[in-house]
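Novice: Dropping in work00.cif, with mmCIF, C-alpha atoms and all ligand atoms.
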```
data_target
#
loop_
_atom_site.group_PDB
_atom_site.id
_atom_site.type_symbol
_atom_site.label_atom_id
_atom_site.label_comp_id
_atom_site.auth_asym_id
_atom_site.auth_seq_id
_atom_site.Cartn_x
_atom_site.Cartn_y
_atom_site.Cartn_z
ATOM 1 C CA MET A 1 24.152 -15.197 -10.024
ATOM 2 C CA SER A 2 20.436 -15.013 -9.358
ATOM 3 C CA ALA A 3 19.144 -12.510 -6.821
ATOM 4 C CA GLN A 4 17.723 -13.087 -3.323
ATOM 5 C CA ILE A 5 13.918 -13.111 -3.649
ATOM 6 C CA ILE A 6 12.099 -10.699 -1.336
ATOM 7 C CA SER A 7 8.766 -12.458 -0.900
ATOM 8 C CA GLY A 8 5.859 -10.211 -0.018
ATOM 9 C CA ARG A 9 3.815 -13.357 0.614
ATOM 10 C CA ASP A 10 6.202 -14.592 3.298
ATOM 11 C CA ILE A 11 6.677 -11.188 4.927
ATOM 12 C CA SER A 12 2.903 -10.641 4.856
ATOM 13 C CA ALA A 13 2.309 -13.979 6.549
ATOM 14 C CA GLU A 14 4.843 -13.044 9.237
ATOM 15 C CA ILE A 15 3.176 -9.669 9.917
ATOM 16 C CA ARG A 16 -0.349 -11.136 9.844
ATOM 17 C CA ALA A 17 0.710 -13.726 12.447
ATOM 18 C CA GLU A 18 2.050 -10.885 14.631
ATOM 19 C CA LEU A 19 -1.194 -8.948 14.132
ATOM 20 C CA THR A 20 -3.301 -11.986 15.053
ATOM 21 C CA ASP A 21 -1.410 -12.251 18.375
ATOM 22 C CA ARG A 22 -1.706 -8.502 18.967
ATOM 23 C CA VAL A 23 -5.457 -8.517 18.269
ATOM 24 C CA ALA A 24 -5.922 -11.417 20.714
ATOM 25 C CA GLU A 25 -3.946 -9.442 23.337
ATOM 26 C CA LEU A 26 -6.037 -6.316 22.744
ATOM 27 C CA GLU A 27 -9.231 -8.316 23.123
ATOM 28 C CA LYS A 28 -8.200 -9.103 26.704
ATOM 29 C CA ASP A 29 -8.230 -5.333 27.320
ATOM 30 C CA GLY A 30 -11.665 -5.022 25.717
ATOM 31 C CA ILE A 31 -10.317 -3.540 22.474
ATOM 32 C CA LYS A 32 -11.694 -4.963 19.213
ATOM 33 C CA PRO A 33 -10.303 -3.095 16.185
ATOM 34 C CA GLY A 34 -12.969 -2.553 13.538
ATOM 35 C CA LEU A 35 -12.575 -1.949 9.803
ATOM 36 C CA ALA A 36 -15.351 -0.691 7.524
ATOM 37 C CA THR A 37 -14.966 -0.957 3.778
ATOM 38 C CA VAL A 38 -17.223 0.992 1.484
ATOM 39 C CA LEU A 39 -17.782 -0.108 -2.089
ATOM 40 C CA VAL A 40 -19.844 2.021 -4.460
ATOM 41 C CA GLY A 41 -21.007 0.329 -7.646
ATOM 42 C CA GLU A 42 -20.096 -2.993 -9.199
ATOM 43 C CA ASN A 43 -16.580 -2.617 -10.571
ATOM 44 C CA PRO A 44 -15.419 -6.280 -10.615
ATOM 45 C CA ALA A 45 -11.805 -5.483 -9.649
ATOM 46 C CA SER A 46 -12.986 -3.303 -6.748
ATOM 47 C CA GLN A 47 -15.422 -6.024 -5.627
ATOM 48 C CA MET A 48 -12.559 -8.488 -5.590
ATOM 49 C CA TYR A 49 -10.183 -6.172 -3.671
ATOM 50 C CA VAL A 50 -12.801 -5.234 -1.070
ATOM 51 C CA GLY A 51 -13.696 -8.896 -0.594
ATOM 52 C CA MET A 52 -10.016 -9.730 -0.031
ATOM 53 C CA LYS A 53 -9.644 -6.881 2.481
ATOM 54 C CA ASN A 54 -12.650 -7.988 4.554
ATOM 55 C CA LYS A 55 -11.601 -11.619 4.498
ATOM 56 C CA ALA A 56 -8.062 -10.739 5.598
ATOM 57 C CA ALA A 57 -9.425 -8.485 8.367
ATOM 58 C CA ALA A 58 -11.666 -11.231 9.752
ATOM 59 C CA LYS A 59 -8.803 -13.729 9.589
ATOM 60 C CA VAL A 60 -6.583 -11.718 11.952
ATOM 61 C CA GLY A 61 -9.556 -11.232 14.301
ATOM 62 C CA LEU A 62 -10.701 -7.725 13.396
ATOM 63 C CA HIS A 63 -14.322 -6.704 13.368
ATOM 64 C CA SER A 64 -15.022 -6.083 9.695
ATOM 65 C CA ARG A 65 -18.020 -4.522 8.042
ATOM 66 C CA GLN A 66 -18.597 -4.205 4.313
ATOM 67 C CA LEU A 67 -20.968 -1.572 3.018
ATOM 68 C CA THR A 68 -22.009 -2.003 -0.596
ATOM 69 C CA LEU A 69 -23.810 0.943 -2.138
ATOM 70 C CA PRO A 70 -25.485 1.208 -5.549
ATOM 71 C CA VAL A 71 -23.668 2.885 -8.428
ATOM 72 C CA GLU A 72 -26.191 5.746 -8.421
ATOM 73 C CA THR A 73 -25.291 6.721 -4.818
ATOM 74 C CA SER A 74 -24.896 10.503 -4.671
ATOM 75 C CA GLU A 75 -21.907 12.332 -3.230
ATOM 76 C CA GLU A 76 -24.141 13.647 -0.467
ATOM 77 C CA GLU A 77 -25.342 10.153 0.439
ATOM 78 C CA LEU A 78 -21.767 8.863 0.512
ATOM 79 C CA LEU A 79 -20.697 11.782 2.703
ATOM 80 C CA GLY A 80 -23.546 10.777 5.033
ATOM 81 C CA VAL A 81 -22.271 7.188 5.181
ATOM 82 C CA VAL A 82 -18.736 8.410 5.964
ATOM 83 C CA ALA A 83 -20.063 10.721 8.685
ATOM 84 C CA GLY A 84 -21.910 7.773 10.245
ATOM 85 C CA LEU A 85 -18.728 5.677 10.262
ATOM 86 C CA ASN A 86 -16.703 8.597 11.666
ATOM 87 C CA ALA A 87 -19.105 8.656 14.628
ATOM 88 C CA ASP A 88 -19.308 4.875 15.069
ATOM 89 C CA PRO A 89 -17.248 3.669 18.067
ATOM 90 C CA GLU A 90 -17.099 0.098 16.678
ATOM 91 C CA ILE A 91 -15.204 1.333 13.626
ATOM 92 C CA ASN A 92 -11.542 2.385 13.837
ATOM 93 C CA GLY A 93 -10.674 2.264 10.162
ATOM 94 C CA ILE A 94 -12.637 3.433 7.117
ATOM 95 C CA LEU A 95 -11.674 2.448 3.603
ATOM 96 C CA VAL A 96 -13.642 3.822 0.681
ATOM 97 C CA GLN A 97 -12.574 1.777 -2.328
ATOM 98 C CA LEU A 98 -11.332 3.835 -5.263
ATOM 99 C CA PRO A 99 -12.070 4.642 -8.010
ATOM 100 C CA LEU A 100 -15.513 6.042 -7.191
ATOM 101 C CA PRO A 101 -18.125 6.310 -9.937
ATOM 102 C CA ASP A 102 -18.702 9.669 -11.619
ATOM 103 C CA PRO A 103 -19.659 12.299 -10.627
ATOM 104 C CA ILE A 104 -18.532 11.681 -7.023
ATOM 105 C CA ASP A 105 -15.544 13.858 -6.105
ATOM 106 C CA GLU A 106 -12.997 11.433 -4.598
ATOM 107 C CA GLY A 107 -11.033 14.229 -2.962
ATOM 108 C CA LYS A 108 -14.117 15.403 -1.082
ATOM 109 C CA ILE A 109 -14.823 11.903 0.216
ATOM 110 C CA ILE A 110 -11.213 11.317 1.297
ATOM 111 C CA GLU A 111 -11.202 14.657 3.126
ATOM 112 C CA ALA A 112 -14.437 13.704 4.908
ATOM 113 C CA ILE A 113 -12.894 10.600 6.503
ATOM 114 C CA HIS A 114 -11.677 11.516 9.978
ATOM 115 C CA PRO A 115 -7.830 11.485 9.905
ATOM 116 C CA SER A 116 -7.744 9.142 12.922
ATOM 117 C CA LYS A 117 -9.791 6.555 10.955
ATOM 118 C CA ASP A 118 -8.163 7.144 7.559
ATOM 119 C CA VAL A 119 -6.452 3.741 7.288
ATOM 120 C CA ASP A 120 -5.648 4.450 3.630
ATOM 121 C CA GLY A 121 -3.482 7.388 4.747
ATOM 122 C CA LEU A 122 -4.865 9.556 1.958
ATOM 123 C CA ASN A 123 -6.553 12.352 3.936
ATOM 124 C CA PRO A 124 -4.537 15.595 3.524
ATOM 125 C CA VAL A 125 -3.988 15.749 7.313
ATOM 126 C CA ASN A 126 -2.210 12.384 7.233
ATOM 127 C CA VAL A 127 -0.381 13.283 4.011
ATOM 128 C CA GLY A 128 0.838 16.533 5.566
ATOM 129 C CA ARG A 129 1.952 14.948 8.832
ATOM 130 C CA LEU A 130 3.851 12.277 6.919
ATOM 131 C CA ALA A 131 5.469 14.871 4.643
ATOM 132 C CA THR A 132 6.553 16.967 7.643
ATOM 133 C CA ASP A 133 7.403 13.910 9.776
ATOM 134 C CA SER A 134 5.359 15.361 12.618
ATOM 135 C CA GLY A 135 2.570 14.198 14.905
ATOM 136 C CA ASP A 136 0.632 10.948 14.673
ATOM 137 C CA PHE A 137 -0.384 9.792 11.242
ATOM 138 C CA LEU A 138 -1.494 6.762 9.275
ATOM 139 C CA ALA A 139 0.723 6.049 6.253
ATOM 140 C CA PRO A 140 -0.611 4.848 2.887
ATOM 141 C CA CYS A 141 -0.564 1.057 2.762
ATOM 142 C CA THR A 142 1.457 0.303 -0.372
ATOM 143 C CA PRO A 143 4.468 2.508 0.463
ATOM 144 C CA ALA A 144 4.316 1.369 4.102
ATOM 145 C CA GLY A 145 4.440 -2.203 2.769
ATOM 146 C CA VAL A 146 7.541 -1.403 0.696
ATOM 147 C CA ILE A 147 9.309 -0.081 3.818
ATOM 148 C CA GLU A 148 8.419 -3.259 5.768
ATOM 149 C CA MET A 149 9.709 -5.444 2.940
ATOM 150 C CA LEU A 150 13.048 -3.622 2.923
ATOM 151 C CA VAL A 151 13.505 -3.638 6.687
ATOM 152 C CA ARG A 152 12.374 -7.224 7.225
ATOM 153 C CA SER A 153 14.558 -8.571 4.389
ATOM 154 C CA ASP A 154 17.640 -6.953 5.996
ATOM 155 C CA ASN A 155 17.827 -4.243 3.356
ATOM 156 C CA ASP A 156 17.324 -1.256 5.651
ATOM 157 C CA PRO A 157 17.300 1.925 3.538
ATOM 158 C CA SER A 158 19.055 4.000 6.232
ATOM 159 C CA GLY A 159 21.996 5.853 4.683
ATOM 160 C CA LYS A 160 21.388 4.321 1.248
ATOM 161 C CA HIS A 161 20.610 6.024 -2.058
ATOM 162 C CA VAL A 162 17.061 4.996 -2.885
ATOM 163 C CA VAL A 163 15.643 5.811 -6.307
ATOM 164 C CA VAL A 164 11.844 5.811 -6.462
ATOM 165 C CA VAL A 165 10.479 5.716 -10.010
ATOM 166 C CA GLY A 166 6.974 7.190 -9.976
ATOM 167 C CA ARG A 167 5.437 10.283 -8.372
ATOM 168 C CA SER A 168 1.833 9.213 -7.683
ATOM 169 C CA ASN A 169 -0.028 10.290 -4.575
ATOM 170 C CA LEU A 170 -0.732 6.633 -3.770
ATOM 171 C CA VAL A 171 2.866 5.372 -3.953
ATOM 172 C CA GLY A 172 5.806 7.496 -5.181
ATOM 173 C CA ARG A 173 5.330 10.679 -3.160
ATOM 174 C CA PRO A 174 4.389 9.086 0.183
ATOM 175 C CA LEU A 175 7.155 6.510 -0.238
ATOM 176 C CA ALA A 176 9.713 9.301 -0.682
ATOM 177 C CA SER A 177 8.365 10.911 2.508
ATOM 178 C CA LEU A 178 8.579 7.631 4.456
ATOM 179 C CA LEU A 179 12.151 7.069 3.257
ATOM 180 C CA LEU A 180 13.180 10.551 4.386
ATOM 181 C CA ARG A 181 11.809 10.246 7.927
ATOM 182 C CA LYS A 182 14.131 10.095 10.909
ATOM 183 C CA ASP A 183 12.600 6.789 11.923
ATOM 184 C CA ARG A 184 12.635 3.045 11.334
ATOM 185 C CA GLY A 185 12.792 2.397 7.591
ATOM 186 C CA GLY A 186 13.786 6.008 6.893
ATOM 187 C CA ASN A 187 17.015 8.043 6.871
ATOM 188 C CA ALA A 188 17.603 7.314 3.183
ATOM 189 C CA THR A 189 18.970 9.611 0.479
ATOM 190 C CA VAL A 190 16.050 9.797 -1.920
ATOM 191 C CA THR A 191 15.747 10.538 -5.624
ATOM 192 C CA VAL A 192 12.300 10.550 -7.224
ATOM 193 C CA ALA A 193 12.312 9.890 -10.973
ATOM 194 C CA HIS A 194 9.271 9.917 -13.244
ATOM 195 C CA SER A 195 8.022 9.842 -16.811
ATOM 196 C CA ARG A 196 9.730 13.157 -17.651
ATOM 197 C CA THR A 197 13.107 12.236 -16.167
ATOM 198 C CA ALA A 198 15.869 12.688 -18.735
ATOM 199 C CA ASP A 199 18.176 9.663 -19.024
ATOM 200 C CA LEU A 200 16.176 7.441 -16.696
ATOM 201 C CA THR A 201 18.776 4.690 -17.054
ATOM 202 C CA ALA A 202 21.516 6.904 -15.583
ATOM 203 C CA VAL A 203 19.266 7.611 -12.594
ATOM 204 C CA THR A 204 18.107 4.018 -12.012
ATOM 205 C CA ARG A 205 21.697 2.775 -12.311
ATOM 206 C CA SER A 206 22.742 5.181 -9.546
ATOM 207 C CA ALA A 207 20.413 3.465 -7.037
ATOM 208 C CA GLU A 208 21.496 1.205 -4.223
ATOM 209 C CA ILE A 209 17.805 0.473 -3.710
ATOM 210 C CA LEU A 210 15.428 0.879 -6.656
ATOM 211 C CA VAL A 211 11.653 1.007 -6.109
ATOM 212 C CA VAL A 212 9.614 1.002 -9.300
ATOM 213 C CA ALA A 213 6.037 2.300 -9.351
ATOM 214 C CA MET A 214 5.705 3.557 -12.923
ATOM 215 C CA GLY A 215 2.640 1.642 -14.026
ATOM 216 C CA ILE A 216 4.313 0.428 -17.248
ATOM 217 C CA PRO A 217 4.672 -3.352 -17.727
ATOM 218 C CA GLU A 218 8.281 -4.614 -17.676
ATOM 219 C CA LYS A 219 9.727 -1.161 -18.326
ATOM 220 C CA ILE A 220 12.852 -1.640 -16.190
ATOM 221 C CA THR A 221 15.293 -3.889 -18.053
ATOM 222 C CA GLY A 222 18.500 -5.525 -16.885
ATOM 223 C CA GLU A 223 20.730 -2.822 -18.354
ATOM 224 C CA MET A 224 18.869 -0.164 -16.326
ATOM 225 C CA VAL A 225 19.979 -1.736 -13.038
ATOM 226 C CA ALA A 226 23.514 -1.679 -11.627
ATOM 227 C CA PRO A 227 24.898 -4.979 -10.319
ATOM 228 C CA GLY A 228 24.118 -5.516 -6.632
ATOM 229 C CA THR A 229 21.014 -3.285 -6.502
ATOM 230 C CA ILE A 230 18.030 -4.107 -4.268
ATOM 231 C CA VAL A 231 14.900 -3.902 -6.464
ATOM 232 C CA ILE A 232 11.284 -3.599 -5.304
ATOM 233 C CA ASP A 233 8.615 -3.831 -8.011
ATOM 234 C CA VAL A 234 5.318 -2.142 -7.130
ATOM 235 C CA GLY A 235 3.678 -2.757 -10.512
ATOM 236 C CA THR A 236 1.020 -5.365 -11.219
ATOM 237 C CA HIS A 237 -0.272 -5.801 -14.743
ATOM 238 C CA ARG A 238 -2.277 -8.351 -16.645
ATOM 239 C CA VAL A 239 -0.725 -8.666 -20.115
ATOM 240 C CA ASP A 240 -1.866 -10.747 -23.077
ATOM 241 C CA ASP A 241 -0.108 -14.081 -23.351
ATOM 242 C CA PRO A 242 -1.734 -16.125 -26.127
ATOM 243 C CA GLY A 243 0.623 -19.035 -25.403
ATOM 244 C CA SER A 244 -0.644 -19.486 -21.832
ATOM 245 C CA GLU A 245 -3.701 -21.405 -20.675
ATOM 246 C CA LYS A 246 -5.542 -18.286 -19.459
ATOM 247 C CA GLY A 247 -4.467 -16.134 -22.400
ATOM 248 C CA TYR A 248 -2.762 -13.654 -20.067
ATOM 249 C CA ARG A 249 -0.046 -13.477 -17.454
ATOM 250 C CA VAL A 250 0.622 -11.134 -14.531
ATOM 251 C CA CYS A 251 3.830 -9.104 -14.440
ATOM 252 C CA GLY A 252 5.297 -6.033 -12.793
ATOM 253 C CA ASP A 253 7.050 -2.843 -13.918
ATOM 254 C CA VAL A 254 10.348 -4.744 -13.880
ATOM 255 C CA LEU A 255 11.497 -7.261 -16.489
ATOM 256 C CA PHE A 256 12.017 -9.882 -13.795
ATOM 257 C CA ASP A 257 13.981 -12.520 -15.724
ATOM 258 C CA GLU A 258 16.614 -9.985 -16.789
ATOM 259 C CA VAL A 259 16.819 -7.912 -13.620
ATOM 260 C CA LYS A 260 17.082 -10.904 -11.271
ATOM 261 C CA GLU A 261 20.409 -11.712 -12.958
ATOM 262 C CA VAL A 262 21.975 -8.368 -11.972
ATOM 263 C CA ALA A 263 20.168 -7.395 -8.750
ATOM 264 C CA ALA A 264 21.348 -8.541 -5.317
ATOM 265 C CA ALA A 265 17.703 -8.895 -4.226
ATOM 266 C CA ILE A 266 14.368 -8.467 -5.985
ATOM 267 C CA SER A 267 10.681 -8.646 -5.134
ATOM 268 C CA PRO A 268 8.599 -10.538 -7.702
ATOM 269 C CA SER A 269 5.232 -9.493 -9.083
ATOM 270 C CA PRO A 270 2.915 -11.210 -8.337
ATOM 271 C CA GLY A 271 3.885 -12.261 -4.816
ATOM 272 C CA GLY A 272 5.745 -9.082 -3.876
ATOM 273 C CA VAL A 273 4.259 -5.757 -2.845
ATOM 274 C CA GLY A 274 0.661 -6.843 -3.627
ATOM 275 C CA PRO A 275 0.023 -8.932 -0.496
ATOM 276 C CA MET A 276 1.725 -6.265 1.646
ATOM 277 C CA THR A 277 -0.860 -3.589 0.815
ATOM 278 C CA ILE A 278 -3.705 -5.457 2.525
ATOM 279 C CA THR A 279 -1.442 -6.413 5.417
ATOM 280 C CA MET A 280 -0.580 -2.767 6.087
ATOM 281 C CA LEU A 281 -4.289 -1.899 5.972
ATOM 282 C CA LEU A 282 -4.832 -4.392 8.808
ATOM 283 C CA SER A 283 -1.818 -2.977 10.641
ATOM 284 C CA ASN A 284 -3.152 0.585 10.279
ATOM 285 C CA THR A 285 -6.549 -0.506 11.626
ATOM 286 C CA VAL A 286 -4.922 -2.013 14.726
ATOM 287 C CA LYS A 287 -2.808 1.137 15.146
ATOM 288 C CA ALA A 288 -5.915 3.325 14.843
ATOM 289 C CA ALA A 289 -7.777 1.205 17.418
ATOM 290 C CA VAL A 290 -4.916 1.403 19.919
ATOM 291 C CA ALA A 291 -4.731 5.184 19.456
ATOM 292 C CA ALA A 292 -8.508 5.498 19.907
ATOM 293 C CA ALA A 293 -8.375 3.477 23.126
ATOM 294 C CA ALA A 294 -5.510 5.643 24.417
ATOM 295 C CA ARG A 295 -7.499 8.818 23.657
ATOM 296 C CA ALA A 296 -10.588 7.387 25.365
ATOM 297 C CA SER A 297 -8.686 6.606 28.543
ATOM 298 C CA ALA A 298 -6.682 9.870 28.615
HETATM 299 N N1 LIG A 301 -7.994 1.285 -5.227
HETATM 300 C C1 LIG A 301 -6.792 0.848 -5.647
HETATM 301 N N2 LIG A 301 -5.881 0.946 -4.664
HETATM 302 C C2 LIG A 301 -6.517 1.466 -3.600
HETATM 303 C C3 LIG A 301 -6.099 1.790 -2.274
HETATM 304 O O1 LIG A 301 -4.942 1.627 -1.871
HETATM 305 N N3 LIG A 301 -7.069 2.305 -1.474
HETATM 306 C C4 LIG A 301 -8.343 2.505 -1.900
HETATM 307 N N4 LIG A 301 -9.213 3.031 -1.026
HETATM 308 N N5 LIG A 301 -8.754 2.205 -3.112
HETATM 309 C C5 LIG A 301 -7.839 1.688 -3.951
#
```
What's the structure tokens form of this structure?
Specialist:
Amino acid sequence: MSAQIISGRDISAEIRAELTDRVAELEKDGIKPGLATVLVGENPASQMYVGMKNKAAAKVGLHSRQLTLPVETSEEELLGVVAGLNADPEINGILVQLPLPDPIDEGKIIEAIHPSKDVDGLNPVNVGRLATDSGDFLAPCTPAGVIEMLVRSDNDPSGKHVVVVGRSNLVGRPLASLLLRKDRGGNATVTVAHSRTADLTAVTRSAEILVVAMGIPEKITGEMVAPGTIVIDVGTHRVDDPGSEKGYRVCGDVLFDEVKEVAAAISPSPGGVGPMTITMLLSNTVKAAVAAAARASA
């Protein structure tokens, strides 16, 4: 039997509708959440992503500002831009699109973003608070999107064995931390597997929920998944497909056609985690604006 499809497009649309209502409510209280995106250089993929982020922000009613800087921008100049945005009361969220051109030190830039405006959740203060499940923090958007997809599709990870395949700072590690929290979408038993895991199939087959963020096209085959598993595919790849009109097709880390026959539920790629990442960026910006307003009135 074919699996239930967990549609990131549908869940995204649901959350964006909720955010639109929330933003309209906040406006009545004089709160207008503001997102600034910073793009350095002319990487076409980054240009496309930043454009999508600004468009989505405007659509839910956020104030959005796009700063486009030349590829030769120095680290010092970029630090100056970040400092300006940190001090700008119209801006609640700052997103510096990665990767940054050489020789800019990405870590330095991420650390310079004030933790309260770090809507990417990558600043070490936010990473540390998430890892220790303490204090207020902003969570990275992709793993936060995975949690929303599980909860909103009635596949709450609480009490379940979740196997995360991938240990990146952007997805695998923060996702493991989110799943371990004593909070909504947490309370899971978590195993993190990665490229050096011995007998990966034995580990993936032990999952009740399997989240794959390996970065390898269609690596997870049907035999690697136990019947009845919930599968979330974080991967997005463009692979050659000479038979298709465009000459390529988009796929995930999971061999969808095989795995959908054994899984109880599966998120596709495209149309799965991808749309959720931008949605959680908008959600983080609203959260940051509400927190800023609460601090201002305290
Ligand atoms: N480039 C690719 N993914 C991301 C992301 O989540 N945040 C930022 N800032 N840049 C990215």
Novice: Residues up to 9 Å from ligand LIG 301 (chain A), counting all atoms listed in the file: could you list those as a ChimeraX atom specification?
Specialist: /A:37-38,45-46,49-50,94-100,110,119-122,140-142,170-171,277-278,281
Novice: Quick one: pull the distance between atom CA of A:Ala288 and atom CA of A:Gln47, Å, one decimal.
Specialist: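 Separating atom CA of A:Ala288 from atom CA of A:Gln47 is a distance of 24.4 Å.
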Novice: Residues near A:Val82, anyone? I mean within 10 Å using only C-alpha atoms, not counting same-chain ones fewer than 3 positions away, as a list in words.
Specialist: Ala36, Val38, Glu76, Glu77, Leu78, Leu79, Leu85, Asn86, Ala87, Asp88, Ile94, Leu95, Val96, Ile109, Ile110, Ala112, Ile113 and His114 of chain A
Novice: Could you check how far atom CA of A:Cys251 sits from atom CA of A:Pro275, in Å to one decimal?
Specialist: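 About the pair atom CA of A:Cys251 and atom CA of A:Pro275: they are 14.5 Å apart.
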Novice: Just the residues within 8 Å of A:Val262, please, counting only C-alpha atoms, with nothing from its chain fewer than 3 positions along; format it as a PyMOL selection string.
Specialist: chain A and resi 1-3+222+225-229+258-259
Novice: Which residues, written as number ranges by chain, have at least one atom at most 12 Å from stretch 293-295 of chain A, with all atoms listed in the file counted and residues fewer than 6 positions away on the same chain left out?
Specialist: A: 26-27, 29-33, 89-92, 116, 286-287
Novice: Could all heavy atoms be built for stretch 133-140 of chain A and written out as a short mmCIF file (atom, residue, chain, number, x, y, z; two decimals), keeping the file's coordinate frame?
Specialist:
```
data_model
loop_
_atom_site.label_atom_id
_atom_site.label_comp_id
_atom_site.auth_asym_id
_atom_site.auth_seq_id
_atom_site.Cartn_x
_atom_site.Cartn_y
_atom_site.Cartn_z
N ASP A 133 6.89 14.83 8.75
CA ASP A 133 7.40 13.91 9.78
C ASP A 133 7.05 14.44 11.17
O ASP A 133 7.92 14.57 12.04
CB ASP A 133 8.93 13.75 9.62
CG ASP A 133 9.45 12.51 10.34
OD1 ASP A 133 8.65 11.75 10.91
OD2 ASP A 133 10.68 12.31 10.34
N SER A 134 5.77 14.76 11.34
CA SER A 134 5.36 15.36 12.62
C SER A 134 4.00 14.82 13.05
O SER A 134 3.12 14.58 12.22
CB SER A 134 5.27 16.88 12.47
OG SER A 134 4.31 17.21 11.49
N GLY A 135 3.85 14.63 14.35
CA GLY A 135 2.57 14.20 14.90
C GLY A 135 2.25 12.76 14.55
O GLY A 135 3.04 12.05 13.92
N ASP A 136 1.07 12.32 14.97
CA ASP A 136 0.63 10.95 14.67
C ASP A 136 -0.02 10.93 13.30
O ASP A 136 -0.80 11.81 12.98
CB ASP A 136 -0.41 10.49 15.71
CG ASP A 136 0.25 10.24 17.04
OD1 ASP A 136 1.45 9.89 17.05
OD2 ASP A 136 -0.42 10.39 18.07
N PHE A 137 0.28 9.91 12.54
CA PHE A 137 -0.38 9.79 11.24
C PHE A 137 -0.49 8.33 10.84
O PHE A 137 0.19 7.46 11.40
CB PHE A 137 0.36 10.58 10.15
CG PHE A 137 1.78 10.13 9.93
CD1 PHE A 137 2.05 9.08 9.07
CD2 PHE A 137 2.83 10.74 10.59
CE1 PHE A 137 3.35 8.65 8.87
CE2 PHE A 137 4.14 10.32 10.41
CZ PHE A 137 4.40 9.27 9.54
N LEU A 138 -1.37 8.08 9.90
CA LEU A 138 -1.49 6.76 9.28
C LEU A 138 -0.90 6.88 7.88
O LEU A 138 -1.24 7.80 7.14
CB LEU A 138 -2.97 6.35 9.22
CG LEU A 138 -3.60 6.09 10.60
CD1 LEU A 138 -5.12 6.17 10.52
CD2 LEU A 138 -3.17 4.75 11.15
N ALA A 139 0.02 5.97 7.55
CA ALA A 139 0.72 6.05 6.25
C ALA A 139 -0.01 5.23 5.21
O ALA A 139 -0.59 4.18 5.53
CB ALA A 139 2.15 5.54 6.41
N PRO A 140 0.01 5.64 3.95
CA PRO A 140 -0.61 4.85 2.89
C PRO A 140 -0.03 3.43 2.85
O PRO A 140 1.16 3.22 3.07
CB PRO A 140 -0.27 5.62 1.61
CG PRO A 140 0.03 7.00 2.06
CD PRO A 140 0.61 6.87 3.43
#
```
